[in-house]
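K.L.:
Just so it is clear, I am handing over my_file.tsv, which has TSV, C-alpha atoms and all ligand atoms.
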chain	number	residue	atom	x	y	z
A	1	MET	CA	-2.72	6.99	12.93
A	2	ASP	CA	-4.57	7.91	16.06
A	3	LEU	CA	-8.12	7.79	17.25
A	4	ILE	CA	-8.72	9.71	20.45
A	5	LYS	CA	-12.01	9.20	22.28
A	6	VAL	CA	-13.93	8.70	19.06
A	7	SER	CA	-17.66	8.07	19.04
A	8	LYS	CA	-19.92	7.46	16.08
A	9	THR	CA	-23.68	7.15	16.27
A	10	TYR	CA	-25.83	6.38	13.25
A	11	PRO	CA	-29.33	7.81	13.26
A	12	PRO	CA	-31.52	7.34	15.11
A	13	SER	CA	-29.44	5.80	17.91
A	14	VAL	CA	-27.01	3.07	16.79
A	15	HIS	CA	-23.87	3.52	18.87
A	16	ALA	CA	-21.44	2.04	16.36
A	17	LEU	CA	-18.32	3.31	18.18
A	18	VAL	CA	-18.15	4.55	21.75
A	19	ASP	CA	-15.17	6.43	23.14
A	20	VAL	CA	-12.58	4.52	21.11
A	21	SER	CA	-8.91	5.42	21.47
A	22	LEU	CA	-6.32	3.61	19.38
A	23	SER	CA	-2.83	4.33	18.08
A	24	VAL	CA	-1.13	2.51	15.24
A	25	ARG	CA	2.49	3.29	14.49
A	26	ARG	CA	3.83	3.74	10.99
A	27	GLY	CA	4.79	0.36	9.55
A	28	GLU	CA	2.74	-1.60	12.05
A	29	MET	CA	0.23	-4.33	11.22
A	30	LEU	CA	-2.91	-4.38	13.34
A	31	PHE	CA	-5.76	-6.85	13.39
A	32	LEU	CA	-9.11	-5.39	14.33
A	33	THR	CA	-11.45	-8.10	15.44
A	34	GLY	CA	-14.92	-8.36	16.94
A	35	MET	CA	-18.32	-9.84	16.22
A	36	SER	CA	-20.58	-8.81	13.39
A	37	GLY	CA	-21.91	-5.33	14.11
A	38	ALA	CA	-19.11	-4.51	16.58
A	39	GLY	CA	-18.02	-1.44	14.58
A	40	LYS	CA	-15.01	-2.66	12.54
A	41	THR	CA	-16.13	-1.25	9.19
A	42	THR	CA	-17.18	2.02	10.83
A	43	LEU	CA	-13.70	2.42	12.30
A	44	LEU	CA	-12.05	1.86	8.91
A	45	ARG	CA	-14.47	4.28	7.26
A	46	LEU	CA	-13.49	6.98	9.75
A	47	LEU	CA	-9.83	6.51	8.81
A	48	CYS	CA	-10.43	7.32	5.14
A	49	ARG	CA	-13.08	9.89	6.03
A	50	SER	CA	-15.92	8.08	4.34
A	51	GLU	CA	-17.56	8.83	7.69
A	52	THR	CA	-16.98	11.58	10.22
A	53	PRO	CA	-17.09	11.03	13.98
A	54	ASP	CA	-19.62	12.71	16.25
A	55	LYS	CA	-17.00	13.15	18.91
A	56	GLY	CA	-13.26	12.73	19.19
A	57	LEU	CA	-10.19	13.14	17.02
A	58	VAL	CA	-9.14	11.10	13.97
A	59	GLU	CA	-5.57	11.69	12.89
A	60	VAL	CA	-3.90	10.07	9.89
A	61	ALA	CA	-0.30	10.82	8.89
A	62	GLY	CA	-0.27	13.61	11.45
A	63	MET	CA	-3.33	15.31	9.99
A	64	ASP	CA	-6.58	15.95	11.81
A	65	LEU	CA	-9.20	14.66	9.37
A	66	ASP	CA	-11.77	17.09	10.73
A	67	ARG	CA	-9.68	20.12	9.80
A	68	ILE	CA	-7.96	18.92	6.65
A	69	SER	CA	-8.55	20.92	3.44
A	70	GLY	CA	-10.19	19.34	0.42
A	71	SER	CA	-6.98	19.17	-1.60
A	72	ALA	CA	-4.96	17.75	1.30
A	73	LEU	CA	-7.64	15.10	1.80
A	74	GLN	CA	-7.40	14.18	-1.88
A	75	ARG	CA	-3.63	13.81	-1.59
A	76	LEU	CA	-3.95	11.79	1.60
A	77	ARG	CA	-6.52	9.45	0.05
A	78	ARG	CA	-4.02	8.57	-2.70
A	79	ARG	CA	-1.75	7.25	0.05
A	80	ILE	CA	-4.53	5.09	1.52
A	81	GLY	CA	-5.62	1.78	-0.01
A	82	MET	CA	-8.99	0.51	1.12
A	83	ALA	CA	-10.21	-3.00	0.32
A	84	TYR	CA	-13.96	-2.84	0.93
A	85	GLN	CA	-15.94	-5.60	2.55
A	86	ASP	CA	-18.35	-5.45	-0.42
A	87	PHE	CA	-15.49	-4.97	-2.94
A	88	LYS	CA	-16.99	-1.98	-4.80
A	89	LEU	CA	-15.71	-3.10	-8.20
A	90	LEU	CA	-17.06	-1.75	-11.46
A	91	PRO	CA	-18.68	-4.90	-12.88
A	92	ARG	CA	-18.57	-3.91	-16.56
A	93	HIS	CA	-14.93	-2.83	-16.46
A	94	THR	CA	-12.23	-5.40	-16.95
A	95	VAL	CA	-10.14	-6.67	-14.06
A	96	ALA	CA	-7.16	-4.65	-15.33
A	97	GLY	CA	-9.38	-1.60	-15.75
A	98	ASN	CA	-10.58	-1.81	-12.15
A	99	ILE	CA	-7.04	-1.98	-10.81
A	100	ALA	CA	-5.75	0.70	-13.19
A	101	LEU	CA	-8.41	3.17	-12.08
A	102	ALA	CA	-6.85	3.48	-8.62
A	103	MET	CA	-3.52	4.38	-10.21
A	104	GLU	CA	-4.93	6.70	-12.85
A	105	VAL	CA	-6.50	8.95	-10.23
A	106	ALA	CA	-3.04	9.12	-8.63
A	107	TYR	CA	-1.52	10.24	-11.96
A	108	ARG	CA	0.68	7.16	-12.38
A	109	LYS	CA	2.34	6.69	-15.76
A	110	PRO	CA	0.75	4.14	-18.15
A	111	THR	CA	3.90	2.00	-18.16
A	112	PHE	CA	3.88	1.82	-14.35
A	113	ILE	CA	0.16	1.01	-14.36
A	114	ARG	CA	0.55	-1.88	-16.83
A	115	LYS	CA	3.51	-3.36	-14.98
A	116	ARG	CA	1.99	-3.03	-11.52
A	117	THR	CA	-1.34	-4.50	-12.66
A	118	ARG	CA	0.36	-7.58	-14.11
A	119	GLU	CA	2.56	-7.99	-11.05
A	120	LEU	CA	-0.41	-7.93	-8.66
A	121	LEU	CA	-2.51	-10.26	-10.80
A	122	GLU	CA	0.34	-12.75	-10.95
A	123	LYS	CA	0.86	-12.66	-7.19
A	124	LEU	CA	-2.84	-13.25	-6.63
A	125	ARG	CA	-2.92	-15.99	-9.31
A	126	LEU	CA	-5.37	-14.12	-11.50
A	127	ALA	CA	-3.14	-13.32	-14.49
A	128	ASP	CA	-5.55	-15.11	-16.84
A	129	LYS	CA	-8.40	-12.79	-15.78
A	130	HIS	CA	-6.68	-9.58	-16.94
A	131	ASP	CA	-9.31	-8.81	-19.61
A	132	THR	CA	-12.38	-10.37	-17.97
A	133	PRO	CA	-15.18	-8.04	-16.84
A	134	ALA	CA	-15.07	-7.94	-13.03
A	135	GLY	CA	-18.77	-8.79	-12.83
A	136	GLU	CA	-18.09	-12.23	-14.35
A	137	LEU	CA	-15.68	-13.31	-11.62
A	138	SER	CA	-16.42	-15.53	-8.64
A	139	ARG	CA	-16.77	-13.84	-5.23
A	140	GLY	CA	-13.30	-15.00	-4.18
A	141	GLU	CA	-11.79	-13.66	-7.39
A	142	GLN	CA	-13.57	-10.35	-6.97
A	143	GLN	CA	-12.28	-10.14	-3.43
A	144	ARG	CA	-8.70	-10.57	-4.64
A	145	ILE	CA	-9.21	-7.87	-7.30
A	146	SER	CA	-10.43	-5.47	-4.63
A	147	ILE	CA	-7.26	-6.22	-2.67
A	148	ALA	CA	-5.08	-5.71	-5.74
A	149	ARG	CA	-6.76	-2.35	-6.32
A	150	ALA	CA	-6.17	-1.33	-2.70
A	151	LEU	CA	-2.46	-2.15	-2.97
A	152	ALA	CA	-1.91	-0.81	-6.48
A	153	ASN	CA	-0.51	2.57	-5.46
A	154	MET	CA	1.90	1.16	-2.87
A	155	PRO	CA	-0.16	2.92	-0.19
A	156	ASP	CA	1.31	4.03	3.12
A	157	LEU	CA	-1.88	2.96	4.89
A	158	VAL	CA	-3.76	-0.18	3.91
A	159	LEU	CA	-7.29	-0.65	5.28
A	160	ALA	CA	-8.55	-4.15	4.56
A	161	ASP	CA	-12.11	-4.95	5.56
A	162	GLU	CA	-12.63	-8.70	6.02
A	163	PRO	CA	-10.22	-9.30	3.13
A	164	THR	CA	-10.31	-13.09	3.24
A	165	GLY	CA	-14.03	-13.65	3.89
A	166	ASN	CA	-14.54	-15.46	0.59
A	167	LEU	CA	-11.18	-17.18	0.29
A	168	ASP	CA	-9.96	-20.71	0.96
A	169	ARG	CA	-6.94	-21.38	3.16
A	170	GLU	CA	-4.39	-21.42	0.37
A	171	THR	CA	-5.60	-18.20	-1.23
A	172	THR	CA	-5.82	-16.58	2.22
A	173	THR	CA	-2.14	-17.37	2.74
A	174	LEU	CA	-1.33	-15.75	-0.61
A	175	VAL	CA	-3.19	-12.59	0.36
A	176	MET	CA	-1.61	-12.46	3.81
A	177	GLU	CA	1.85	-12.81	2.26
A	178	LEU	CA	1.09	-9.82	0.07
A	179	PHE	CA	0.02	-7.76	3.10
A	180	ARG	CA	3.17	-8.79	4.98
A	181	GLU	CA	5.27	-7.74	1.98
A	182	HIS	CA	3.72	-4.28	2.14
A	183	GLU	CA	4.25	-4.17	5.88
A	184	GLU	CA	7.94	-4.91	5.35
A	185	ARG	CA	8.04	-2.09	2.82
A	186	GLY	CA	6.96	0.20	5.65
A	187	ALA	CA	3.22	0.43	5.08
A	188	THR	CA	0.80	0.55	7.99
A	189	ILE	CA	-1.77	-2.22	7.63
A	190	ILE	CA	-5.09	-2.50	9.43
A	191	ILE	CA	-7.05	-5.67	8.84
A	192	ALA	CA	-10.62	-5.99	10.11
A	193	THR	CA	-11.59	-9.61	10.49
A	194	HIS	CA	-13.50	-12.06	12.61
A	195	ASP	CA	-11.30	-14.89	11.34
A	196	ARG	CA	-9.14	-15.71	14.34
A	197	GLU	CA	-6.91	-17.95	12.24
A	198	LEU	CA	-5.68	-14.95	10.29
A	199	PHE	CA	-3.41	-13.74	13.06
A	200	SER	CA	-1.05	-15.58	15.32
A	201	HIS	CA	-1.64	-15.14	19.01
A	202	GLY	CA	1.29	-13.70	20.86
A	203	THR	CA	3.15	-12.22	17.89
A	204	ASP	CA	0.57	-10.11	16.04
A	205	ARG	CA	-1.07	-7.05	17.52
A	206	VAL	CA	-4.78	-7.67	17.85
A	207	VAL	CA	-7.45	-5.39	19.27
A	208	GLU	CA	-11.07	-6.33	19.78
A	209	LEU	CA	-14.18	-4.24	19.46
A	210	ARG	CA	-17.23	-5.29	21.40
A	211	ALA	CA	-20.48	-3.42	20.74
A	212	GLY	CA	-18.55	-0.35	19.65
A	213	ARG	CA	-16.11	-0.33	22.55
A	214	LEU	CA	-12.48	-1.31	22.37
A	215	LEU	CA	-11.50	-3.93	24.92
A	216	ALA	CA	-8.71	-2.70	27.15
A	217	PRO	CA	-5.29	-4.21	26.31
A	218	GLY	CA	-4.87	-7.49	28.12
A	219	GLU	CA	-8.59	-7.87	28.65
A	220	GLU	CA	-9.38	-11.43	27.64
A	221	PRO	CA	-12.04	-11.84	24.99
A	222	GLU	CA	-14.88	-13.95	26.34
A	223	LYS	CA	-14.87	-17.40	24.81
A	224	GLU	CA	-18.06	-18.56	23.20
A	225	GLY	CA	-20.35	-20.43	25.57
A	226	GLU	CA	-18.31	-19.43	28.59
A	227	SER	CA	-19.62	-16.85	30.97
A	228	ALA	CA	-17.24	-14.64	32.88
A	229	ALA	CA	-18.24	-16.54	36.02
A	230	THR	CA	-17.14	-19.96	34.71
A	231	VAL	CA	-13.83	-18.52	33.54
A	232	LYS	CA	-13.25	-17.15	37.03
A	233	GLU	CA	-14.23	-20.45	38.62
A	234	GLU	CA	-11.74	-22.28	36.44
A	235	ALA	CA	-9.04	-19.79	37.27
A	236	ALA	CA	-9.69	-20.32	40.98
A	237	ARG	CA	-9.21	-24.08	40.75
B	1	LIG	N1	-24.84	3.56	7.37
B	1	LIG	C1	-25.34	3.06	8.50
B	1	LIG	N2	-26.53	3.51	8.99
B	1	LIG	C2	-27.04	3.04	10.15
B	1	LIG	N3	-26.44	2.09	10.90
B	1	LIG	C3	-25.27	1.61	10.48
B	1	LIG	C4	-24.66	2.07	9.25
B	1	LIG	N4	-23.49	1.40	9.09
B	1	LIG	C5	-23.38	0.58	10.14
B	1	LIG	N5	-24.44	0.69	10.98
B	1	LIG	C6	-24.62	-0.03	12.26
B	1	LIG	O1	-23.49	0.26	13.08
B	1	LIG	C7	-23.06	-0.91	13.77
B	1	LIG	C8	-21.62	-1.22	13.43
B	1	LIG	O2	-21.57	-1.61	12.07
B	1	LIG	P1	-20.24	-2.02	11.31
B	1	LIG	O3	-20.57	-2.20	9.88
B	1	LIG	O4	-19.18	-1.03	11.64
B	1	LIG	O5	-19.89	-3.43	12.01
B	1	LIG	P2	-18.82	-4.53	11.62
B	1	LIG	O6	-18.04	-4.84	12.85
B	1	LIG	O7	-18.07	-4.11	10.42
B	1	LIG	O8	-19.74	-5.81	11.28
B	1	LIG	P3	-19.49	-7.01	10.21
B	1	LIG	O9	-18.50	-7.96	10.86
B	1	LIG	O10	-20.84	-7.63	10.07
B	1	LIG	O11	-18.98	-6.42	8.95
B	1	LIG	C9	-24.06	-2.00	13.41
B	1	LIG	O12	-25.03	-2.05	14.43
B	1	LIG	C10	-24.66	-1.53	12.11
B	1	LIG	O13	-25.97	-2.00	11.95
B	2	MG	MG	-17.88	-4.84	8.55
Now, as a test, write the supplied structure out as structure tokens.
P.N.:
Amino acid sequence: MDLIKVSKTYPPSVHALVDVSLSVRRGEMLFLTGMSGAGKTTLLRLLCRSETPDKGLVEVAGMDLDRISGSALQRLRRRIGMAYQDFKLLPRHTVAGNIALAMEVAYRKPTFIRKRTRELLEKLRLADKHDTPAGELSRGEQQRISIARALANMPDLVLADEPTGNLDRETTTLVMELFREHEERGATIIIATHDRELFSHGTDRVVELRAGRLLAPGEEPEKEGESAATVKEEAAR
């Protein structure tokens, strides 16, 4: 996927993204980091066309999302799995029902849906919640269901918005393993997070948004409590 010089302003004048250019190759995992309000969710929403940019080009799977037809967009969306920051589960539907819905709209066969639902619930250690209404689950459980739903269709592009915000270390590891499995299968994975422990420095690809702008590659994120001047002073010593 590619973003080329993308800007997004919310009325009246919130510059959520400013001139952002970013390329993610097929099968790559990218961590999108930055402080609260930096524009992470907005960027993910542009990639599934829940939002449209004011300026710039958004391309997913070689298609310009500004010019795509309605039916092509529908087909493309079936190949994208989005785990929302606020989960967006149907509280009265069962856990299995919530996960199944994503596959039903993609015309999956009932046998596939049943098998895939059980497989995901087992991996996320929620097999015993199969028939529980989603609204009765804890926040961490709901978060895992939203991730299961995003992955249900074996999507080519996974957009995960702060997917471990409500999870403990052990459960976070479980979820990250599942993402890595899908990466190995060839899926492109974009994870928005401010949890710096989620990625390993040096091996994972990490980009940082700051007030809607993407830091240039190699540009060091400012450490908390350290001004640019003190960093320079230290470097000079
Ligand atoms: N629908 C909207 N209408 C108006 N302003 C919005 C809307 N959505 C987001 N914003 C603003 O755009 C900016 C970027 O928001 P965004 O949700 O993309 O940030 P974020 O990096 O995901 O933050 P967080 O880490 O808190 O989830 C913020 O200033 C936010 O207040
Ligand atoms: Mg967000």
K.L.:
Check which residues fall inside 8 Å of ligand LIG 1 (chain B) when counting all atoms listed in the file, and print them as a VMD selection string.
P.N.:
chain A and resid 9 to 12 14 to 17 33 to 43 85 161 to 162 192 to 194 209 211 to 212
K.L.:
What is the CA of Leu47 (chain A)-CA of Val105 (chain A) distance in Å, reported with one decimal?
P.N.:
19.5 Å
K.L.:
Which residues, written as a ChimeraX atom specification, have at least one atom at most 8 Å from Ser23 (chain A), with only C-alpha atoms counted and residues fewer than 5 positions away on the same chain left out?
P.N.:
/A:1-3
K.L.:
If we count only C-alpha atoms, what is near region 118-130 of chain A at a cut-off of 6 Å, once residues fewer than 5 positions away on the same chain are taken out, given as a ChimeraX atom specification?
P.N.:
/A:95-96,148
K.L.:
At a cut-off of 10 Å, using only C-alpha atoms, what residues contact Arg26 (chain A)? Leave out same-chain residues fewer than 3 positions from it and give the result as a PyMOL selection string.
P.N.:
chain A and resi 1+23+29+61+156-157+183+186-189
K.L.:
Determine the nearest neighbour of ligand MG 2 (chain B) from the options A:Leu32, A:Met103, A:Val175, A:Val18, counting only C-alpha atoms and all ligand atoms.
P.N.:
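Between A:Leu32, A:Met103, A:Val175, A:Val18, the residue approaching ligand MG 2 (chain B) most closely is A:Leu32.
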K.L.:
Just want the 12 Å neighbourhood of Ser200 (chain A), counted on only C-alpha atoms, with same-chain residues fewer than 4 positions away dropped. Output as a ChimeraX atom specification.
P.N.:
/A:30-31,176,195-196,204-206
K.L.:
Could you check the closest approach to ligand MG 2 (chain B) for each of A:Arg67, A:His182, A:Arg45, A:Arg79 and tell me which residue wins, using all atoms listed in the file?
P.N.:
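Of A:Arg67, A:His182, A:Arg45, A:Arg79, the one nearest ligand MG 2 (chain B), counting all atoms listed in the file, is A:Arg45.
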K.L.:
Work out how far CA of Ala134 (chain A) is from CA of Arg92 (chain A), in Å to one decimal.
P.N.:
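About the pair CA of Arg92 (chain A) and CA of Ala134 (chain A): they are 6.4 Å apart.
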K.L.:
Could you tell me how far CA of Ile99 (chain A) lies from CA of Arg144 (chain A), in Å and to one decimal?
P.N.:
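Interatomic distance here is 10.7 Å.
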K.L.:
Point out the residue among A:Glu197, A:Thr111, A:Lys5, A:Ala83 with the least atom-to-atom distance to ligand MG 2 (chain B), counting all atoms listed in the file.
P.N.:
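Looking at the shortest contact to ligand MG 2 (chain B), the residue is A:Ala83.
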K.L.:
Give the answer as one residue: which of A:Ser21, A:Ala160, A:Leu101, A:Thr171 has the shortest atom-to-atom distance to ligand MG 2 (chain B), using all atoms listed in the file?
P.N.:
A:Ala160
K.L.:
List the spatial neighbours of Ala102 (chain A) as a PyMOL selection string - criterion: any atom at most 10 Å away, all atoms listed in the file, same-chain residues fewer than 4 positions off excluded.
P.N.:
chain A and resi 78+81+97-98+106-108+113+148-153
K.L.:
Would you mind telling me which residue in A:Ile190, A:Leu65, A:Arg114, A:Ala216 lies nearest to Arg77 (chain A) when using all atoms listed in the file?
P.N.:
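Checking each of A:Ile190, A:Leu65, A:Arg114, A:Ala216 against Arg77 (chain A), counting all atoms listed in the file, the winner is A:Leu65.
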K.L.:
Using all atoms listed in the file, pick whichever of A:His93, A:Leu214, A:Ser138, A:Thr172 has the shortest atom-to-atom distance to Ser7 (chain A).
P.N.:
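Nearest to Ser7 (chain A): A:Leu214.
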